[in-house]
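Step one of this worksheet: look at the structure below.
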Amino acid sequence: MNKKQRIFYLDFIRVIAILLVIFIHVSTIDTTKHIGTTDWQIIKMLNYFAHISVPIFFMISGTLILNSPKALSLKYTWQKRIPRVVIPFVIWSIILPTVISLTSNLLSTNDVWGRLKFILNKPTIPVFWFMYPLIGVYILSPIIKTFVDNASLKMLFYVTSVWLVTCSLLPSVNVMMGKDMKHVFQLSPVSNFLLIGGFTGYFILGYLLSQMDFRNISSFALLTLFIGIGTFGNFFSESVPKTFDTNNSYYVTSLFIPIMSIAAFILLQKWGSSIRSRGVINFFESLAPLVFGIYLLHYLVIFFIEPWFFKNTNLRGIPATFLRYIVVVFITIVTIRVVSFIPGINYLLIGHTRSKNRRFPIGIVYFCTLVFLSFCRL
């Protein structure tokens with residue numbers, strides 16, 4: 001697979017992943033209402049399937065970073081790679097609680113500072129938890145790169161197998177044990193294999209999958225595996241609530257999520273590599289650089305859109321969920337796309353800069369203005 005194809009299939013997977021992340025956060029409130037109804041069952045199932053998005057992001061990072069010679073450079077890591085995620089993260093960590101407090105008429109300097117001063121311990125906004133393991137694996141990436149460059153496929157299989165058994169299999173088995181057998185399969189905290197929340201396993205796994213050829217694996221088999229494991233995992237999470245882990249939220253500590261994620265990553269890789277339409281390729285390639293900004297902004301859009309919908313529309317159930325989802329996706333993408341054309345601001349807010357020969361999207365701004373005005377008149 002040549003470089004261009006590899007770049008595109010990763011862009012394709014990255015865009016799909018961020019759309020799934022947004023769906024998780026839009027549909028979360030619907031998983032707590034009308035419990036037991038058909039709509040609730042469907043939304044909860046789709047929400048569970050969408051949880052492959054976080055592991056996939058780490059696998060994409062592993063594929064890109066660990067295949068890059070620049071990953072060995074401490075200078076590049078600390079001067080280029082880490083600032084591009086840390087700077088926007090810190091800025092949005094200030095913007096979001098400030099805007100939310102302003103909207104709630106609860107703004108105070110002490111409140112914002114009270115959240116910000118503990119940013120090393122916990123995020124100012126809950127959905128930003130993802131940044132902590134991400135920054136962690138970025139910091140460790142030169143070390144991991146040194147390892148994978150000198151490791152055989154057999155060694156990479158060994159490492160990911162140890163990770164899968166200790167961080168996923170044993171915790172999954174442990175929560176199924178009865179009261180008398182509780183903690184039988186729980187490793188001592190001083191001897192477990194957790195590292196950066198266990199997400200480094202996905203990071204290395206992404207690199208491992210990039211070294212393998214999956215052309216002979218049936219897409220139907222992968223899709224069947226994904227749906228089958230996801231369906232059972234969703235049922236299991238209902239039956240055994242202890243599947244949830246306070247640090248990993250079962251992205252790592254449930255065996256079902258890693259299996260689903262591996263199947264989905266390979267499947268999306270095959271689908272992305274088979275796309276030949278120039279229009280589709282251009283669409284995904286234009287959105288891929290905006291994914292980080294979309295992630296940072298989408299929660300704020302949900303914060304404003306969700307109450308409005310519940311107050312002003314009569315839609316309920318699945319139609320209401322997907323209508324909110326479409327509106328949130330549209331507003332978030334358009335906003336970040338406009339921001340991406342503003343020199344300086346684009347780097348500070350989304351960690352991305354555009355080439356100088358790209359024109360500012362006046363047409364998009366005009367269109368968005370009309371949509372916004374129409375939306376306000378509803």
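Chain labels A, B, ... are given in the sequence in which chains occur in the structure tokens; within each chain residues are numbered consecutively from 1, and ligands are likewise numbered from 1 in the order shown.
Non-sequential neighbours of A:Ile18 (distance at most 12 Å, separation of 6 or more positions within a chain, only C-alpha atoms) are Asp11, Phe12, Ile24, His25, Ala50, His51, Ile52, Ser53, Val54, Pro55, Ile56, Phe57, Phe284, Leu287, Ala288, Pro289, Leu290, Val291, Phe292, Gly293, Ile294, Tyr295, Leu296, Leu297, His298, Val329, Thr332 and Ile333 of chain A.
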Filtering to N, CA, C and O atoms, could you give me those residues as a tab-separated table (two decimals), in the first residue's frame?
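See selection_28.tsv below for the written result:
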```tsv
chain	number	residue	atom	x	y	z
A	11	ASP	N	-7.22	8.98	7.19
A	11	ASP	CA	-8.12	10.14	7.21
A	11	ASP	C	-9.58	9.67	7.26
A	11	ASP	O	-10.40	10.23	8.00
A	12	PHE	N	-9.88	8.66	6.49
A	12	PHE	CA	-11.22	8.09	6.45
A	12	PHE	C	-11.63	7.58	7.83
A	12	PHE	O	-12.72	7.90	8.34
A	24	ILE	N	-21.79	9.51	20.65
A	24	ILE	CA	-21.76	9.06	22.05
A	24	ILE	C	-22.29	10.15	22.97
A	24	ILE	O	-23.16	9.92	23.82
A	25	HIS	N	-21.76	11.36	22.79
A	25	HIS	CA	-22.10	12.45	23.70
A	25	HIS	C	-23.50	13.02	23.45
A	25	HIS	O	-24.15	13.49	24.38
A	50	ALA	N	-20.55	2.74	19.19
A	50	ALA	CA	-19.76	3.95	18.91
A	50	ALA	C	-18.53	4.05	19.81
A	50	ALA	O	-17.62	4.83	19.52
A	51	HIS	N	-18.47	3.26	20.87
A	51	HIS	CA	-17.33	3.33	21.79
A	51	HIS	C	-16.03	2.79	21.20
A	51	HIS	O	-14.98	2.85	21.86
A	52	ILE	N	-16.08	2.28	19.99
A	52	ILE	CA	-14.83	1.89	19.31
A	52	ILE	C	-14.02	3.13	18.94
A	52	ILE	O	-12.84	3.03	18.64
A	53	SER	N	-14.66	4.30	18.97
A	53	SER	CA	-14.02	5.53	18.48
A	53	SER	C	-12.76	5.89	19.25
A	53	SER	O	-11.73	6.25	18.65
A	54	VAL	N	-12.80	5.81	20.58
A	54	VAL	CA	-11.63	6.19	21.38
A	54	VAL	C	-10.45	5.26	21.13
A	54	VAL	O	-9.35	5.72	20.85
A	55	PRO	N	-10.63	3.92	21.21
A	55	PRO	CA	-9.51	3.04	20.86
A	55	PRO	C	-8.98	3.28	19.45
A	55	PRO	O	-7.76	3.25	19.23
A	56	ILE	N	-9.88	3.55	18.51
A	56	ILE	CA	-9.46	3.77	17.13
A	56	ILE	C	-8.57	5.00	17.02
A	56	ILE	O	-7.59	5.02	16.27
A	57	PHE	N	-8.90	6.06	17.78
A	57	PHE	CA	-8.04	7.24	17.75
A	57	PHE	C	-6.62	6.93	18.22
A	57	PHE	O	-5.64	7.40	17.64
A	284	PHE	N	-13.22	13.57	2.73
A	284	PHE	CA	-12.59	13.07	3.95
A	284	PHE	C	-11.24	13.74	4.20
A	284	PHE	O	-10.88	14.02	5.36
A	287	LEU	N	-11.80	17.12	5.82
A	287	LEU	CA	-12.29	17.08	7.20
A	287	LEU	C	-11.25	16.55	8.18
A	287	LEU	O	-11.24	16.94	9.36
A	288	ALA	N	-10.39	15.66	7.74
A	288	ALA	CA	-9.45	15.00	8.64
A	288	ALA	C	-8.59	15.96	9.47
A	288	ALA	O	-8.42	15.75	10.68
A	289	PRO	N	-8.03	17.04	8.87
A	289	PRO	CA	-7.22	17.96	9.69
A	289	PRO	C	-8.03	18.73	10.73
A	289	PRO	O	-7.45	19.35	11.63
A	290	LEU	N	-9.35	18.70	10.61
A	290	LEU	CA	-10.21	19.47	11.52
A	290	LEU	C	-10.70	18.64	12.70
A	290	LEU	O	-11.36	19.17	13.60
A	291	VAL	N	-10.39	17.34	12.71
A	291	VAL	CA	-10.95	16.43	13.69
A	291	VAL	C	-10.64	16.85	15.12
A	291	VAL	O	-11.52	16.80	16.00
A	292	PHE	N	-9.42	17.26	15.39
A	292	PHE	CA	-9.05	17.65	16.75
A	292	PHE	C	-9.87	18.85	17.21
A	292	PHE	O	-10.39	18.89	18.33
A	293	GLY	N	-10.02	19.83	16.34
A	293	GLY	CA	-10.84	21.00	16.67
A	293	GLY	C	-12.30	20.64	16.87
A	293	GLY	O	-12.97	21.18	17.75
A	294	ILE	N	-12.80	19.72	16.05
A	294	ILE	CA	-14.18	19.26	16.19
A	294	ILE	C	-14.38	18.60	17.56
A	294	ILE	O	-15.39	18.84	18.23
A	295	TYR	N	-13.41	17.80	17.96
A	295	TYR	CA	-13.48	17.16	19.28
A	295	TYR	C	-13.53	18.21	20.39
A	295	TYR	O	-14.34	18.12	21.33
A	296	LEU	N	-12.68	19.23	20.30
A	296	LEU	CA	-12.59	20.23	21.36
A	296	LEU	C	-13.85	21.09	21.46
A	296	LEU	O	-14.20	21.56	22.54
A	297	LEU	N	-14.53	21.32	20.33
A	297	LEU	CA	-15.68	22.23	20.32
A	297	LEU	C	-17.02	21.54	20.52
A	297	LEU	O	-17.95	22.15	21.06
A	298	HIS	N	-17.15	20.28	20.11
A	298	HIS	CA	-18.48	19.69	19.97
A	298	HIS	C	-19.29	19.69	21.27
A	298	HIS	O	-20.51	19.84	21.24
A	329	VAL	N	-23.33	18.06	14.59
A	329	VAL	CA	-22.25	17.77	13.66
A	329	VAL	C	-22.07	18.91	12.67
A	329	VAL	O	-20.95	19.37	12.41
A	332	THR	N	-20.74	22.21	14.38
A	332	THR	CA	-19.37	22.04	14.84
A	332	THR	C	-18.38	22.03	13.68
A	332	THR	O	-17.36	22.72	13.72
A	333	ILE	N	-18.69	21.27	12.64
A	333	ILE	CA	-17.78	21.17	11.49
A	333	ILE	C	-17.63	22.51	10.80
A	333	ILE	O	-16.52	22.95	10.49
```
Counting only C-alpha atoms, the option among A:Met177, A:Leu164, A:Leu349, A:Leu10 closest to A:Val252: A:Leu164
Give the helix (DSSP H, G or I) residues of stretch 87-238 of chain A, as assigned by DSSP on the backbone, as JSON, numbers by chain. {"A": [87, 88, 89, 90, 91, 92, 93, 94, 95, 96, 97, 98, 99, 100, 101, 102, 103, 109, 110, 111, 112, 113, 114, 115, 116, 126, 127, 128, 129, 130, 131, 132, 133, 134, 135, 136, 137, 138, 139, 140, 141, 142, 143, 144, 145, 146, 147, 148, 149, 153, 154, 155, 156, 157, 158, 159, 160, 161, 162, 163, 164, 165, 166, 167, 168, 169, 170, 171, 172, 173, 174, 175, 176, 179, 180, 181, 196, 197, 198, 200, 201, 202, 203, 204, 205, 206, 207, 208, 209, 210, 219, 220, 221, 222, 223, 224, 225, 226, 227, 228, 229, 230, 231, 232, 233, 234, 235, 236, 237, 238]}
A:Val15, A:Leu46, A:Leu66, A:Leu194: which is nearest A:Tyr207, counting only C-alpha atoms?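 Closest candidate: A:Leu66.
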Contacts of A:Ile305 at 8 Å (only C-alpha atoms; same-chain gap of 4+ positions) as a count of residues only: 4
Would you mind listing what lies within 9 Å of A:Gly230 as a tab-separated table (two decimals) with all heavy atoms, in the first residue's frame, with only C-alpha atoms counted and same-chain residues fewer than 4 positions away left out?
```
chain	number	residue	atom	x	y	z
A	45	MET	N	-27.68	0.49	22.20
A	45	MET	CA	-26.85	-0.39	21.38
A	45	MET	C	-25.93	0.42	20.47
A	45	MET	O	-24.73	0.15	20.38
A	45	MET	CB	-27.74	-1.30	20.54
A	45	MET	CG	-26.98	-2.20	19.58
A	45	MET	SD	-26.11	-3.53	20.40
A	45	MET	CE	-27.47	-4.61	20.82
A	48	TYR	N	-23.20	2.02	22.40
A	48	TYR	CA	-22.15	1.06	22.75
A	48	TYR	C	-21.24	0.78	21.56
A	48	TYR	O	-20.01	0.77	21.69
A	48	TYR	CB	-22.79	-0.24	23.24
A	48	TYR	CG	-21.78	-1.23	23.77
A	48	TYR	CD1	-21.34	-1.17	25.09
A	48	TYR	CD2	-21.24	-2.23	22.95
A	48	TYR	CE1	-20.40	-2.06	25.59
A	48	TYR	CE2	-20.31	-3.13	23.43
A	48	TYR	CZ	-19.89	-3.04	24.75
A	48	TYR	OH	-18.95	-3.92	25.22
A	49	PHE	N	-21.82	0.58	20.38
A	49	PHE	CA	-21.02	0.36	19.18
A	49	PHE	C	-20.07	1.53	18.92
A	49	PHE	O	-18.93	1.35	18.49
A	49	PHE	CB	-21.92	0.18	17.96
A	49	PHE	CG	-22.54	-1.19	17.84
A	49	PHE	CD1	-23.86	-1.34	17.44
A	49	PHE	CD2	-21.80	-2.33	18.11
A	49	PHE	CE1	-24.43	-2.60	17.31
A	49	PHE	CE2	-22.35	-3.59	18.00
A	49	PHE	CZ	-23.67	-3.73	17.59
A	225	LEU	N	-18.10	-10.21	13.13
A	225	LEU	CA	-17.41	-10.21	14.42
A	225	LEU	C	-17.71	-8.94	15.21
A	225	LEU	O	-18.00	-8.99	16.41
A	225	LEU	CB	-15.90	-10.35	14.20
A	225	LEU	CG	-15.02	-10.31	15.45
A	225	LEU	CD1	-15.33	-11.49	16.37
A	225	LEU	CD2	-13.53	-10.30	15.07
A	226	PHE	N	-17.66	-7.81	14.53
A	226	PHE	CA	-17.91	-6.53	15.18
A	226	PHE	C	-19.33	-6.47	15.76
A	226	PHE	O	-19.52	-6.13	16.93
A	226	PHE	CB	-17.71	-5.39	14.17
A	226	PHE	CG	-18.19	-4.06	14.64
A	226	PHE	CD1	-17.50	-3.36	15.64
A	226	PHE	CD2	-19.33	-3.48	14.11
A	226	PHE	CE1	-17.94	-2.13	16.09
A	226	PHE	CE2	-19.78	-2.24	14.56
A	226	PHE	CZ	-19.09	-1.57	15.54
A	234	ASN	N	-22.78	-5.27	24.76
A	234	ASN	CA	-23.83	-4.36	25.22
A	234	ASN	C	-24.72	-5.06	26.25
A	234	ASN	O	-25.05	-4.50	27.29
A	234	ASN	CB	-24.66	-3.88	24.04
A	234	ASN	CG	-25.82	-3.00	24.46
A	234	ASN	OD1	-25.62	-1.92	24.99
A	234	ASN	ND2	-27.03	-3.47	24.24
A	235	PHE	N	-25.08	-6.31	25.96
A	235	PHE	CA	-25.89	-7.09	26.90
A	235	PHE	C	-25.12	-7.31	28.20
A	235	PHE	O	-25.68	-7.21	29.29
A	235	PHE	CB	-26.27	-8.43	26.26
A	235	PHE	CG	-26.93	-9.38	27.21
A	235	PHE	CD1	-28.27	-9.22	27.54
A	235	PHE	CD2	-26.22	-10.42	27.80
A	235	PHE	CE1	-28.89	-10.10	28.44
A	235	PHE	CE2	-26.82	-11.30	28.69
A	235	PHE	CZ	-28.17	-11.13	29.01
A	256	PHE	N	-14.55	-6.78	25.41
A	256	PHE	CA	-15.35	-6.65	24.20
A	256	PHE	C	-14.94	-5.44	23.36
A	256	PHE	O	-14.93	-5.51	22.13
A	256	PHE	CB	-16.84	-6.55	24.57
A	256	PHE	CG	-17.29	-7.66	25.47
A	256	PHE	CD1	-17.57	-7.42	26.81
A	256	PHE	CD2	-17.40	-8.95	24.99
A	256	PHE	CE1	-17.98	-8.44	27.64
A	256	PHE	CE2	-17.81	-9.98	25.81
A	256	PHE	CZ	-18.10	-9.73	27.15
A	257	ILE	N	-14.63	-4.33	24.02
A	257	ILE	CA	-14.28	-3.11	23.29
A	257	ILE	C	-13.01	-3.29	22.46
A	257	ILE	O	-12.98	-2.91	21.27
A	257	ILE	CB	-14.14	-1.91	24.25
A	257	ILE	CG1	-15.45	-1.66	25.00
A	257	ILE	CG2	-13.72	-0.66	23.49
A	257	ILE	CD1	-16.60	-1.24	24.13
A	259	ILE	N	-11.76	-6.04	21.15
A	259	ILE	CA	-12.05	-6.94	20.03
A	259	ILE	C	-12.87	-6.22	18.96
A	259	ILE	O	-12.59	-6.31	17.77
A	259	ILE	CB	-12.80	-8.20	20.52
A	259	ILE	CG1	-11.91	-9.01	21.47
A	259	ILE	CG2	-13.22	-9.07	19.34
A	259	ILE	CD1	-12.60	-10.20	22.10
A	260	MET	N	-13.90	-5.49	19.40
A	260	MET	CA	-14.70	-4.69	18.47
A	260	MET	C	-13.83	-3.69	17.72
A	260	MET	O	-13.96	-3.51	16.51
A	260	MET	CB	-15.79	-3.92	19.23
A	260	MET	CG	-16.94	-4.74	19.73
A	260	MET	SD	-18.00	-3.73	20.81
A	260	MET	CE	-18.44	-2.39	19.70
```
